[in-house]
$ cat run_15.tsv   # TSV, C-alpha atoms
chain	number	residue	atom	x	y	z
A	74	MET	CA	8.62	21.40	-46.29
A	75	ALA	CA	10.77	20.47	-49.26
A	76	ALA	CA	14.39	21.42	-49.83
A	77	ALA	CA	15.78	22.17	-53.27
A	78	ALA	CA	18.06	19.52	-54.68
A	79	GLY	CA	21.67	20.07	-53.80
A	80	SER	CA	20.88	22.63	-51.07
A	81	ASP	CA	22.09	22.45	-47.46
A	82	ALA	CA	18.63	23.23	-46.00
A	83	THR	CA	17.76	21.24	-42.86
A	84	LEU	CA	14.77	21.03	-40.55
A	85	ALA	CA	15.17	22.89	-37.25
A	86	THR	CA	15.03	20.68	-34.17
A	87	ALA	CA	12.25	21.75	-31.81
A	88	PRO	CA	13.28	22.13	-28.15
A	89	THR	CA	12.17	19.39	-25.80
A	90	SER	CA	11.73	19.20	-22.03
A	91	LEU	CA	10.63	16.87	-19.27
A	92	MET	CA	7.30	17.90	-17.78
A	93	VAL	CA	7.35	17.52	-14.00
A	94	GLY	CA	5.20	18.69	-11.11
A	95	LEU	CA	6.98	20.58	-8.34
A	96	GLN	CA	5.70	19.89	-4.82
A	97	LEU	CA	6.07	23.31	-3.18
A	98	SER	CA	3.79	22.94	-0.17
A	99	GLY	CA	5.60	24.30	2.89
A	100	ARG	CA	8.58	25.49	0.83
A	101	LYS	CA	9.73	29.01	-0.02
A	102	ALA	CA	9.73	30.76	-3.39
A	103	ALA	CA	11.42	34.11	-4.15
A	104	VAL	CA	9.83	36.40	-6.77
A	105	PHE	CA	11.68	39.29	-8.43
A	106	GLY	CA	10.27	41.89	-10.82
A	107	SER	CA	7.41	44.33	-10.78
A	108	GLY	CA	5.38	43.54	-13.88
A	109	ALA	CA	2.36	41.36	-14.61
A	110	SER	CA	4.54	38.31	-15.20
A	111	ALA	CA	5.96	38.64	-11.68
A	112	VAL	CA	2.44	38.72	-10.24
A	113	THR	CA	1.55	35.65	-12.31
A	114	ARG	CA	4.60	33.77	-11.07
A	115	ALA	CA	3.89	34.66	-7.45
A	116	THR	CA	0.26	33.54	-7.82
A	117	LEU	CA	1.27	30.20	-9.37
A	118	ALA	CA	3.70	29.56	-6.52
A	119	LEU	CA	1.02	30.38	-3.93
A	120	GLU	CA	-1.50	28.11	-5.64
A	121	ALA	CA	1.11	25.32	-5.49
A	122	GLY	CA	1.33	25.78	-1.71
A	123	ALA	CA	4.61	27.73	-1.47
A	124	ASP	CA	5.37	30.55	0.96
A	125	VAL	CA	6.33	33.50	-1.26
A	126	VAL	CA	8.83	36.28	-0.62
A	127	VAL	CA	8.32	39.12	-3.13
A	128	HIS	CA	10.98	41.73	-3.84
A	129	SER	CA	8.61	44.42	-5.12
A	130	ALA	CA	5.95	46.46	-3.31
A	131	ASN	CA	3.85	46.51	-6.49
A	132	VAL	CA	3.69	42.73	-6.62
A	133	ALA	CA	2.89	42.51	-2.91
A	134	ALA	CA	-0.03	44.92	-3.36
A	135	ALA	CA	-1.43	42.74	-6.16
A	136	LEU	CA	-1.49	39.74	-3.81
A	137	ASP	CA	-3.88	41.22	-1.25
A	138	LYS	CA	-6.20	38.20	-1.29
A	139	TRP	CA	-3.29	36.01	-0.09
A	140	ALA	CA	-2.14	38.39	2.64
A	141	ALA	CA	-4.43	36.91	5.30
A	142	SER	CA	-2.87	33.47	4.80
A	143	GLY	CA	0.46	34.71	6.14
A	144	ARG	CA	2.23	33.11	3.19
A	145	VAL	CA	3.30	36.37	1.51
A	146	SER	CA	6.15	38.52	2.77
A	147	THR	CA	8.09	41.43	1.26
A	148	ALA	CA	11.86	41.88	1.03
A	149	GLY	CA	13.49	45.18	0.12
A	150	ALA	CA	16.49	43.75	-1.76
A	151	THR	CA	16.34	43.61	-5.55
A	152	THR	CA	19.28	41.25	-5.85
A	153	LEU	CA	19.97	37.77	-4.50
A	154	ALA	CA	23.06	36.47	-2.75
A	155	ALA	CA	24.01	32.81	-2.99
A	156	GLY	CA	23.78	32.48	0.77
A	157	ASP	CA	20.22	33.80	0.74
A	158	ALA	CA	19.22	31.55	-2.17
A	159	ALA	CA	19.72	28.46	0.00
A	160	ALA	CA	16.48	29.31	1.81
A	161	PHE	CA	14.41	28.98	-1.38
A	162	SER	CA	13.33	25.97	-3.43
A	163	VAL	CA	12.57	28.07	-6.52
A	164	VAL	CA	13.42	31.59	-7.67
A	165	LEU	CA	11.07	33.28	-10.14
A	166	VAL	CA	12.07	36.38	-12.11
A	167	GLY	CA	9.40	38.40	-13.93
A	168	ASP	CA	9.37	41.58	-15.99
A	169	GLY	CA	11.12	44.72	-14.82
A	170	VAL	CA	14.49	43.13	-14.11
A	171	ALA	CA	17.40	44.15	-16.33
A	172	GLY	CA	19.24	41.47	-18.26
A	173	ASP	CA	22.46	41.62	-16.24
A	174	ALA	CA	20.53	41.68	-12.96
A	175	ALA	CA	18.41	38.69	-14.07
A	176	ALA	CA	21.58	36.76	-14.99
A	177	ALA	CA	23.10	37.56	-11.58
A	178	ILE	CA	19.96	36.38	-9.77
A	179	ALA	CA	19.90	33.16	-11.82
A	180	GLN	CA	23.58	32.50	-11.06
A	181	ALA	CA	23.08	33.10	-7.33
A	182	ALA	CA	19.97	30.88	-7.28
A	183	ARG	CA	21.84	27.94	-8.82
A	184	ALA	CA	24.79	28.45	-6.49
A	185	GLY	CA	22.36	28.24	-3.56
A	186	GLY	CA	20.69	25.06	-4.89
A	187	ALA	CA	17.43	26.70	-6.05
A	188	ALA	CA	15.78	26.13	-9.43
A	189	VAL	CA	15.22	29.35	-11.38
A	190	ASN	CA	12.79	30.63	-14.01
A	191	VAL	CA	13.34	33.95	-15.80
A	192	ALA	CA	10.56	35.42	-17.95
A	193	GLY	CA	11.53	35.45	-21.62
A	194	ARG	CA	14.99	33.99	-20.94
A	195	GLY	CA	15.04	30.29	-21.57
A	196	ASP	CA	18.84	30.38	-21.52
A	197	LEU	CA	18.73	31.46	-17.85
A	198	SER	CA	15.87	29.16	-16.78
A	199	ASP	CA	15.97	25.67	-15.31
A	200	PHE	CA	12.29	25.12	-15.98
A	201	ALA	CA	9.38	26.71	-17.82
A	202	LEU	CA	5.92	27.72	-16.61
A	203	VAL	CA	3.32	26.23	-18.94
A	204	PRO	CA	-0.40	27.00	-19.34
A	205	SER	CA	-2.32	24.74	-17.00
A	206	TYR	CA	-5.80	24.05	-15.63
A	207	ARG	CA	-6.18	23.20	-11.96
A	208	GLY	CA	-9.44	21.48	-11.05
A	209	GLY	CA	-10.87	19.54	-8.16
A	210	GLY	CA	-9.88	16.08	-7.05
A	211	GLY	CA	-6.21	16.77	-7.77
A	212	LEU	CA	-6.84	17.22	-11.51
A	213	GLN	CA	-4.26	19.35	-13.30
A	214	VAL	CA	-3.87	19.58	-17.08
A	215	ALA	CA	-0.93	21.30	-18.79
A	216	VAL	CA	0.07	21.75	-22.43
A	217	THR	CA	3.34	23.08	-23.78
A	218	THR	CA	4.94	23.58	-27.17
A	219	ASN	CA	8.25	24.40	-25.46
A	220	GLY	CA	8.01	28.02	-26.51
A	221	VAL	CA	7.53	27.31	-30.22
A	222	ALA	CA	3.86	28.32	-30.34
A	223	PRO	CA	2.58	29.41	-26.90
A	224	ARG	CA	-0.79	30.57	-28.24
A	225	VAL	CA	-1.36	27.16	-29.81
A	226	ALA	CA	-0.64	25.58	-26.42
A	227	GLN	CA	-3.18	27.86	-24.73
A	228	ARG	CA	-5.83	27.03	-27.34
A	229	LEU	CA	-5.20	23.30	-27.02
A	230	LEU	CA	-5.55	23.59	-23.26
A	231	ARG	CA	-8.89	25.40	-23.54
A	232	GLU	CA	-10.23	22.77	-25.95
A	233	MET	CA	-9.08	19.89	-23.74
A	234	VAL	CA	-10.63	21.37	-20.63
A	235	ALA	CA	-13.91	22.04	-22.47
A	236	ARG	CA	-14.14	18.34	-23.37
A	237	LEU	CA	-13.58	17.00	-19.87
A	238	PRO	CA	-16.60	15.09	-18.48
A	239	LYS	CA	-18.66	17.22	-16.11
A	240	ASP	CA	-18.53	14.59	-13.38
A	241	LEU	CA	-14.81	13.88	-13.71
A	242	GLU	CA	-13.66	15.98	-10.77
A	243	PRO	CA	-16.19	14.52	-8.26
A	244	ARG	CA	-15.18	11.05	-9.40
A	245	LEU	CA	-11.50	11.87	-8.92
A	246	SER	CA	-12.27	13.14	-5.43
A	247	GLU	CA	-13.99	9.84	-4.64
A	248	VAL	CA	-11.03	7.89	-6.07
A	249	ALA	CA	-8.67	9.95	-3.92
A	250	ARG	CA	-10.78	9.21	-0.83
A	251	LEU	CA	-10.91	5.48	-1.54
A	252	SER	CA	-7.17	5.37	-2.28
A	253	ALA	CA	-6.41	7.08	1.01
A	254	GLU	CA	-8.66	4.64	2.89
A	255	ALA	CA	-7.06	1.67	1.15
A	256	ALA	CA	-3.57	2.95	1.95
A	257	ALA	CA	-4.53	3.50	5.59
A	258	ALA	CA	-6.05	0.02	5.82
A	259	GLU	CA	-2.95	-1.55	4.29
A	260	ARG	CA	-0.68	0.29	6.73
A	261	ALA	CA	-2.88	-0.80	9.64
A	262	HIS	CA	-2.81	-4.40	8.43
A	263	ALA	CA	0.96	-4.34	8.02
A	264	ALA	CA	1.38	-2.97	11.54
A	265	ALA	CA	-1.04	-5.55	12.98
A	266	ALA	CA	0.61	-8.41	11.10
A	267	ALA	CA	4.05	-7.32	12.27
A	268	LYS	CA	2.80	-7.15	15.85
A	269	LEU	CA	1.18	-10.57	15.67
A	270	GLU	CA	4.21	-12.20	14.09
A	271	ALA	CA	6.51	-10.56	16.62
A	272	VAL	CA	4.33	-11.89	19.43
A	273	ALA	CA	4.28	-15.33	17.85
A	274	ALA	CA	8.04	-15.34	17.28
A	275	GLY	CA	8.65	-14.24	20.88
A	276	ALA	CA	6.44	-17.00	22.22
A	277	ALA	CA	8.16	-19.49	19.93
A	278	ASP	CA	11.58	-18.55	21.24
A	279	GLU	CA	10.44	-18.87	24.85
A	280	SER	CA	8.88	-22.29	24.39
A	281	GLY	CA	11.52	-23.86	22.16
A	282	LEU	CA	9.43	-23.49	18.99
A	283	SER	CA	10.82	-22.13	15.74
A	284	THR	CA	9.08	-20.60	12.75
A	285	ALA	CA	9.85	-22.49	9.55
A	286	VAL	CA	7.61	-20.55	7.19
A	287	THR	CA	6.41	-16.98	7.65
A	288	ALA	CA	3.26	-15.33	6.42
A	289	ALA	CA	1.85	-13.79	3.26
A	290	ALA	CA	4.09	-12.85	0.33
A	291	THR	CA	6.89	-15.23	1.47
A	292	PRO	CA	8.01	-17.54	-1.37
A	293	ALA	CA	7.29	-21.19	-0.69
A	294	PRO	CA	10.38	-23.20	0.31
A	295	ALA	CA	11.30	-25.70	-2.37
A	296	SER	CA	11.29	-28.52	0.17
A	297	GLU	CA	7.61	-28.10	0.96
A	298	ALA	CA	6.03	-29.85	-1.99
A	299	GLY	CA	2.72	-30.11	-0.18
A	300	ASP	CA	2.41	-26.35	0.12
A	301	ALA	CA	3.31	-25.88	-3.54
A	302	ALA	CA	0.68	-28.40	-4.59
A	303	ALA	CA	-1.92	-26.69	-2.45
A	304	ALA	CA	-1.35	-23.50	-4.42
A	305	ALA	CA	-3.26	-25.19	-7.24
A	306	VAL	CA	-6.46	-24.90	-5.18
A	307	ASP	CA	-8.29	-21.90	-6.62
A	308	LEU	CA	-9.78	-19.97	-3.74
A	309	SER	CA	-11.97	-17.86	-6.03
A	310	THR	CA	-13.60	-21.06	-7.32
A	311	LEU	CA	-14.54	-22.04	-3.77
A	312	ARG	CA	-15.87	-18.58	-3.01
A	313	HIS	CA	-18.18	-18.54	-6.01
A	314	GLY	CA	-19.83	-21.83	-5.08
A	315	ALA	CA	-18.48	-23.95	-7.93
A	316	GLN	CA	-18.39	-27.69	-7.26
A	317	THR	CA	-14.84	-28.66	-6.33
A	318	THR	CA	-13.28	-31.87	-5.10
A	319	LEU	CA	-11.31	-31.28	-1.89
A	320	ASP	CA	-9.81	-33.39	0.84
A	321	ALA	CA	-10.89	-32.80	4.43
A	322	GLN	CA	-7.71	-30.91	5.36
A	323	THR	CA	-8.24	-28.35	2.57
A	324	ALA	CA	-11.93	-27.98	3.45
A	325	ALA	CA	-11.04	-27.22	7.07
A	326	ALA	CA	-8.24	-24.88	5.99
A	327	TYR	CA	-10.73	-22.96	3.83
A	328	ALA	CA	-12.91	-22.25	6.87
A	329	ALA	CA	-9.86	-21.36	8.99
A	330	HIS	CA	-8.52	-18.95	6.35
A	331	ALA	CA	-11.91	-17.29	5.81
A	332	LEU	CA	-12.63	-16.70	9.51
A	333	SER	CA	-9.19	-15.93	10.97
A	334	ASP	CA	-6.50	-13.26	10.97
A	335	LEU	CA	-3.68	-15.62	11.92
A	336	CYS	CA	-3.29	-19.36	11.31
A	337	PHE	CA	-0.70	-21.49	13.11
A	338	VAL	CA	0.18	-24.80	11.47
A	339	TYR	CA	1.46	-27.50	13.81
A	340	ALA	CA	2.39	-30.35	11.50
A	341	ALA	CA	5.37	-31.87	9.73
A	342	ALA	CA	6.11	-30.54	6.26
A	343	ALA	CA	5.17	-33.92	4.78
A	344	GLN	CA	1.67	-33.68	6.23
A	345	PRO	CA	-1.01	-31.90	4.18
A	346	VAL	CA	-2.45	-30.17	7.25
A	347	GLY	CA	-2.42	-26.41	6.73
A	348	ALA	CA	-0.68	-26.58	3.34
A	349	ALA	CA	-3.55	-24.79	1.61
A	350	ALA	CA	-3.73	-22.08	4.30
A	351	LEU	CA	0.00	-21.41	3.94
A	352	ALA	CA	-0.32	-21.18	0.15
A	353	TRP	CA	-3.30	-18.80	0.32
A	354	ALA	CA	-1.50	-16.59	2.82
A	355	ARG	CA	1.56	-16.39	0.59
A	356	ARG	CA	-0.69	-15.35	-2.30
A	357	ALA	CA	-2.23	-12.62	-0.10
A	358	GLU	CA	-5.75	-14.00	-0.41
A	359	LYS	CA	-8.13	-12.04	1.83
A	360	ASN	CA	-10.42	-13.54	4.44
A	361	ALA	CA	-14.18	-13.09	4.81
A	362	TYR	CA	-13.60	-9.83	6.71
A	363	GLY	CA	-11.67	-8.26	3.84
A	364	GLY	CA	-8.31	-8.52	5.61
A	365	TRP	CA	-5.12	-10.40	4.88
A	366	VAL	CA	-4.28	-13.59	6.73
A	367	SER	CA	-0.86	-14.48	8.14
A	368	ALA	CA	0.01	-18.17	8.32
A	369	LEU	CA	2.98	-19.66	10.15
A	370	ARG	CA	4.22	-23.24	10.21
A	371	MET	CA	5.51	-24.09	13.68
A	372	GLN	CA	7.89	-26.87	14.70
A	373	THR	CA	6.23	-28.79	17.54
A	374	ARG	CA	8.00	-29.86	20.70
A	375	GLY	CA	7.03	-30.05	24.33
A	376	GLY	CA	4.98	-26.99	25.27
A	377	ALA	CA	3.80	-26.36	21.74
A	378	GLY	CA	1.02	-23.83	21.46
A	379	HIS	CA	2.46	-21.00	23.55
A	380	ALA	CA	2.49	-18.79	20.44
A	381	LEU	CA	-1.31	-18.93	20.54
A	382	TRP	CA	-1.31	-17.04	23.86
A	383	GLY	CA	0.35	-13.96	22.42
A	384	ALA	CA	-1.81	-13.89	19.29
A	385	LEU	CA	-5.03	-14.19	21.29
A	386	ALA	CA	-3.85	-11.53	23.74
A	387	ALA	CA	-3.27	-9.18	20.78
A	388	GLY	CA	-6.95	-9.52	19.86
A	389	ALA	CA	-6.52	-11.54	16.70
A	390	ARG	CA	-8.93	-14.10	15.33
A	391	VAL	CA	-6.77	-17.21	15.64
A	392	ALA	CA	-7.01	-20.73	14.24
A	393	ALA	CA	-4.62	-23.65	14.52
A	394	LEU	CA	-4.28	-26.47	12.01
A	395	ALA	CA	-2.66	-29.45	13.68
A	396	GLY	CA	-1.61	-32.96	12.87
A	397	GLY	CA	-3.01	-35.58	15.22
A	398	ASP	CA	0.40	-36.25	16.77
A	399	SER	CA	0.81	-32.53	17.56
A	400	LEU	CA	-2.16	-32.41	19.93
A	401	ALA	CA	-0.28	-34.24	22.67
A	402	HIS	CA	2.39	-31.53	22.67
A	403	MET	CA	-0.29	-28.85	22.82
A	404	ALA	CA	-2.39	-30.42	25.57
A	405	ASP	CA	-1.17	-28.26	28.47
A	406	VAL	CA	-1.69	-25.02	26.56
A	407	LEU	CA	-5.10	-26.12	25.26
A	408	ARG	CA	-6.16	-26.96	28.80
A	409	GLU	CA	-5.31	-23.45	30.01
A	410	LEU	CA	-6.94	-21.78	27.00
A	411	ALA	CA	-10.10	-23.83	27.49
A	412	THR	CA	-10.20	-22.95	31.19
A	413	GLN	CA	-10.06	-19.25	30.35
A	414	ARG	CA	-12.56	-19.72	27.50
A	415	HIS	CA	-10.42	-18.14	24.80
A	416	ALA	CA	-11.93	-18.02	21.30
A	417	LEU	CA	-9.63	-20.50	19.59
A	418	VAL	CA	-10.44	-23.17	17.00
A	419	VAL	CA	-8.03	-26.05	16.42
A	420	HIS	CA	-8.56	-28.06	13.24
A	421	ALA	CA	-6.90	-31.43	13.85
A	422	GLU	CA	-6.66	-34.45	11.57
A	423	ALA	CA	-7.35	-37.88	13.01
A	424	GLN	CA	-4.24	-39.57	11.68
A	425	THR	CA	-0.58	-39.97	12.59
A	426	LEU	CA	2.64	-40.64	10.67
A	427	ASP	CA	4.63	-43.82	11.22
A	428	ALA	CA	8.43	-44.11	11.07
A	429	ALA	CA	8.26	-44.48	7.29
A	430	GLY	CA	6.29	-41.26	6.97
A	431	GLU	CA	3.03	-42.98	6.01
A	432	ALA	CA	-0.28	-41.69	7.40
A	433	HIS	CA	-2.60	-43.95	9.37
A	434	ALA	CA	-6.02	-43.27	10.87
A	435	ASP	CA	-5.68	-42.58	14.59
A	436	HIS	CA	-8.41	-41.14	16.82
A	437	ASP	CA	-6.54	-41.49	20.11
A	438	ALA	CA	-5.04	-37.98	20.00
A	439	ALA	CA	-8.39	-36.43	19.13
A	440	ARG	CA	-10.09	-38.28	21.97
A	441	ALA	CA	-7.32	-37.18	24.32
A	442	ALA	CA	-8.21	-33.57	23.50
A	443	LEU	CA	-11.46	-34.13	25.40
A	444	ALA	CA	-9.42	-34.17	28.60
A	445	THR	CA	-8.34	-30.56	28.02
A	446	GLY	CA	-11.89	-29.28	28.51
A	447	ALA	CA	-12.18	-28.10	24.93
A	448	VAL	CA	-15.33	-28.81	22.92
A	449	VAL	CA	-14.52	-31.50	20.34
A	450	LEU	CA	-16.49	-31.79	17.10
A	451	ALA	CA	-15.93	-34.68	14.70
A	452	SER	CA	-16.50	-35.11	10.97
A	453	ALA	CA	-16.38	-38.10	8.66
A	454	THR	CA	-16.30	-36.50	5.18
A	455	PRO	CA	-14.70	-33.42	3.57
A	456	GLN	CA	-18.12	-31.75	3.40
A	457	GLU	CA	-18.66	-32.40	7.10
A	458	ALA	CA	-15.15	-31.12	7.83
A	459	HIS	CA	-16.06	-27.83	6.15
A	460	ASP	CA	-19.46	-27.51	7.81
A	461	VAL	CA	-18.25	-28.49	11.27
A	462	ALA	CA	-15.35	-26.04	10.93
A	463	LEU	CA	-17.80	-23.19	10.27
A	464	VAL	CA	-19.86	-24.24	13.30
A	465	ALA	CA	-16.76	-24.36	15.46
A	466	HIS	CA	-15.73	-20.81	14.52
A	467	ALA	CA	-19.27	-19.55	15.11
A	468	VAL	CA	-19.42	-21.20	18.54
A	469	ALA	CA	-15.97	-19.93	19.54
$ encode --input "run_15.tsv" --output "structure tokens"
Amino acid sequence: MAAAAGSDATLATAPTSLMVGLQLSGRKAAVFGSGASAVTRATLALEAGADVVVHSANVAAALDKWAASGRVSTAGATTLAAGDAAAFSVVLVGDGVAGDAAAAIAQAARAGGAAVNVAGRGDLSDFALVPSYRGGGGLQVAVTTNGVAPRVAQRLLREMVARLPKDLEPRLSEVARLSAEAAAAERAHAAAAAKLEAVAAGAADESGLSTAVTAAATPAPASEAGDAAAAAVDLSTLRHGAQTTLDAQTAAAYAAHALSDLCFVYAAAAQPVGAAALAWARRAEKNAYGGWVSALRMQTRGGAGHALWGALAAGARVAALAGGDSLAHMADVLRELATQRHALVVHAEAQTLDAAGEAHADHDAARAALATGAVVLASATPQEAHDVALVAHAVA
């Protein structure tokens, strides 16, 4: 469109709106009017799951197919009081209602907190009803021109629906099913993880232990450089069989992470034991069973290992990653667990830290574990550490 030079002609601004979807399931909708538009509005509300109260016998008669559902009722009043409007989420006004009466109903609806739509009266409406297609799998397509060209909107809708893939709705149904299963599994995992961590925390309090680092999705403390460095180990690379250079602690941690639900780390922060398992848990890496793994670093004192009791009693697959000097603190608990033949695997390094914090080879603690009655398997290389760890979990 062109305007003549020097004229005051301007382009009209088209109305705009925000398209939203009202969730009306289990809510009430009031319908006024006796014409076809009132029937249409009542039908749309019913299809959206609302319980409908119609204020016209003619409209009620046109809704026979919904009568058996018990979601349609009739009211004799042709007006609406603000006090009555509070019972409705939406109020729909069709043909057959005079202008003043429609304005009064709209005013009462707003006073009662209900959204209102009046046929042919955008000035009285809070929202518009637009042409839409409702398919399977939750598919719903709507097109609007905001009242500028309603027939164009209807034609566009027909053309869009005609071009939808024939198998779209079955695929959407499958996506909805898988999404629901994934959400249920995530809720179950969250509940199980919370239970396990609560059990572990309770046992820690009773035995004088304290949790320094909690499980997945917890940011790594800045002081734990070992854990941060372990984050560089790409778990996907290990899973796909690529050749990777690892130390024995990381190789054992890989087996523990893959075959456990909960890993307890009994080692000083300066020790590399369990650092990789903590990092993978914080990154929410899944185990071989498709579940998430919680990893907790425990401070070791006398009686260390009591947290294992609660986790095993809760039915979790449990592994412990321990420094050699931690085994002595865990001996009493390990002896009881071995006596009762609990399925627990402890991955322990054969080294200790001196006063300067330097690591030295030390097999005494590992040999002392033999006195607990537990089966002790030894390895001499990182590859053996990985293989023996898998054997230990299979045997347990």
$ closest_residue --input "run_15.tsv" --among "A:Ala451, A:Met403, A:Ala329, A:Ala368" --to "A:Val418" --atoms "all atoms listed in the file"
A:Ala329
$ residues_around --input "run_15.tsv" --residues "stretch 203-209 of chain A" --least-positions-apart "3" --cutoff "9 Å" --atoms "all atoms listed in the file" --output "ChimeraX atom specification"
/A:212-219,223,226-227,230-231,234,241-243,245-246
$ write_last_selection --input "run_15.tsv" --atoms "C-alpha atoms" --output "CSV table (one decimal), keeping the file's coordinate frame"
chain,number,residue,atom,x,y,z
A,212,LEU,CA,-6.8,17.2,-11.5
A,213,GLN,CA,-4.3,19.4,-13.3
A,214,VAL,CA,-3.9,19.6,-17.1
A,215,ALA,CA,-0.9,21.3,-18.8
A,216,VAL,CA,0.1,21.8,-22.4
A,217,THR,CA,3.3,23.1,-23.8
A,218,THR,CA,4.9,23.6,-27.2
A,219,ASN,CA,8.2,24.4,-25.5
A,223,PRO,CA,2.6,29.4,-26.9
A,226,ALA,CA,-0.6,25.6,-26.4
A,227,GLN,CA,-3.2,27.9,-24.7
A,230,LEU,CA,-5.6,23.6,-23.3
A,231,ARG,CA,-8.9,25.4,-23.5
A,234,VAL,CA,-10.6,21.4,-20.6
A,241,LEU,CA,-14.8,13.9,-13.7
A,242,GLU,CA,-13.7,16.0,-10.8
A,243,PRO,CA,-16.2,14.5,-8.3
A,245,LEU,CA,-11.5,11.9,-8.9
A,246,SER,CA,-12.3,13.1,-5.4
$ closest_residue --input "run_15.tsv" --among "A:Ser90, A:Gly99, A:Thr323, A:Ser333" --to "A:Ala349" --atoms "all atoms listed in the file"
A:Thr323
$ residues_around --input "run_15.tsv" --residues "A:Lys101" --least-positions-apart "3" --cutoff "12 Å" --atoms "all atoms listed in the file" --output "list in words"
Gln96, Leu97, Ser98, Val104, Ala115, Ala118, Leu119, Ala121, Gly122, Ala123, Asp124, Val125, Val126, Val127, Arg144, Val145, Ser146, Asp157, Ala158, Ala159, Ala160, Phe161, Ser162, Val163, Val164, Leu165, Ala187 and Ala188 of chain A
$ atom_distance --input "run_15.tsv" --atom1 "atom CA of A:Ala135" --atom2 "atom CA of A:Val112"
6.9 Å
$ atom_distance --input "run_15.tsv" --atom1 "atom CA of A:Ala395" --atom2 "atom CA of A:Leu369"
11.8 Å
$ atom_distance --input "run_15.tsv" --atom1 "atom CA of A:Leu153" --atom2 "atom CA of A:Leu95"
21.9 Å
$ residues_around --input "run_15.tsv" --residues "A:Thr412" --least-positions-apart "3" --cutoff "10 Å" --atoms "all atoms listed in the file" --output "list in words"
Val406, Leu407, Arg408, Glu409, His415, Thr445, Gly446 and Ala447 of chain A
$ closest_residue --input "run_15.tsv" --among "A:Val191, A:Asp196, A:Thr147, A:Leu251" --to "A:Gly210" --atoms "all atoms listed in the file"
A:Leu251
$ residues_near_point --input "run_15.tsv" --point "(-3.1, -31.1, 25.8)" --cutoff "12 Å" --atoms "all atoms listed in the file" --output "JSON, numbers by chain"
{"A": [375, 376, 377, 378, 379, 397, 398, 399, 400, 401, 402, 403, 404, 405, 406, 407, 408, 409, 410, 411, 419, 438, 439, 440, 441, 442, 443, 444, 445, 446, 447]}
$ residues_around --input "run_15.tsv" --residues "A:Ala326" --least-positions-apart "5" --cutoff "8 Å" --atoms "only C-alpha atoms" --output "PDB file with C-alpha atoms, in the frame of the given file"
ATOM      1  CA  VAL A 346      -2.450 -30.170   7.250  1.00  0.00           C
ATOM      2  CA  GLY A 347      -2.420 -26.410   6.730  1.00  0.00           C
ATOM      3  CA  ALA A 349      -3.550 -24.790   1.610  1.00  0.00           C
ATOM      4  CA  ALA A 350      -3.730 -22.080   4.300  1.00  0.00           C
ATOM      5  CA  LEU A 394      -4.280 -26.470  12.010  1.00  0.00           C
ATOM      6  CA  HIS A 420      -8.560 -28.060  13.240  1.00  0.00           C
TER       7      HIS A 420
END
$ closest_residue --input "run_15.tsv" --among "A:Gly169, A:Gly388, A:Gly383, A:Gly364" --to "A:Ala255" --atoms "all atoms listed in the file"
A:Gly364
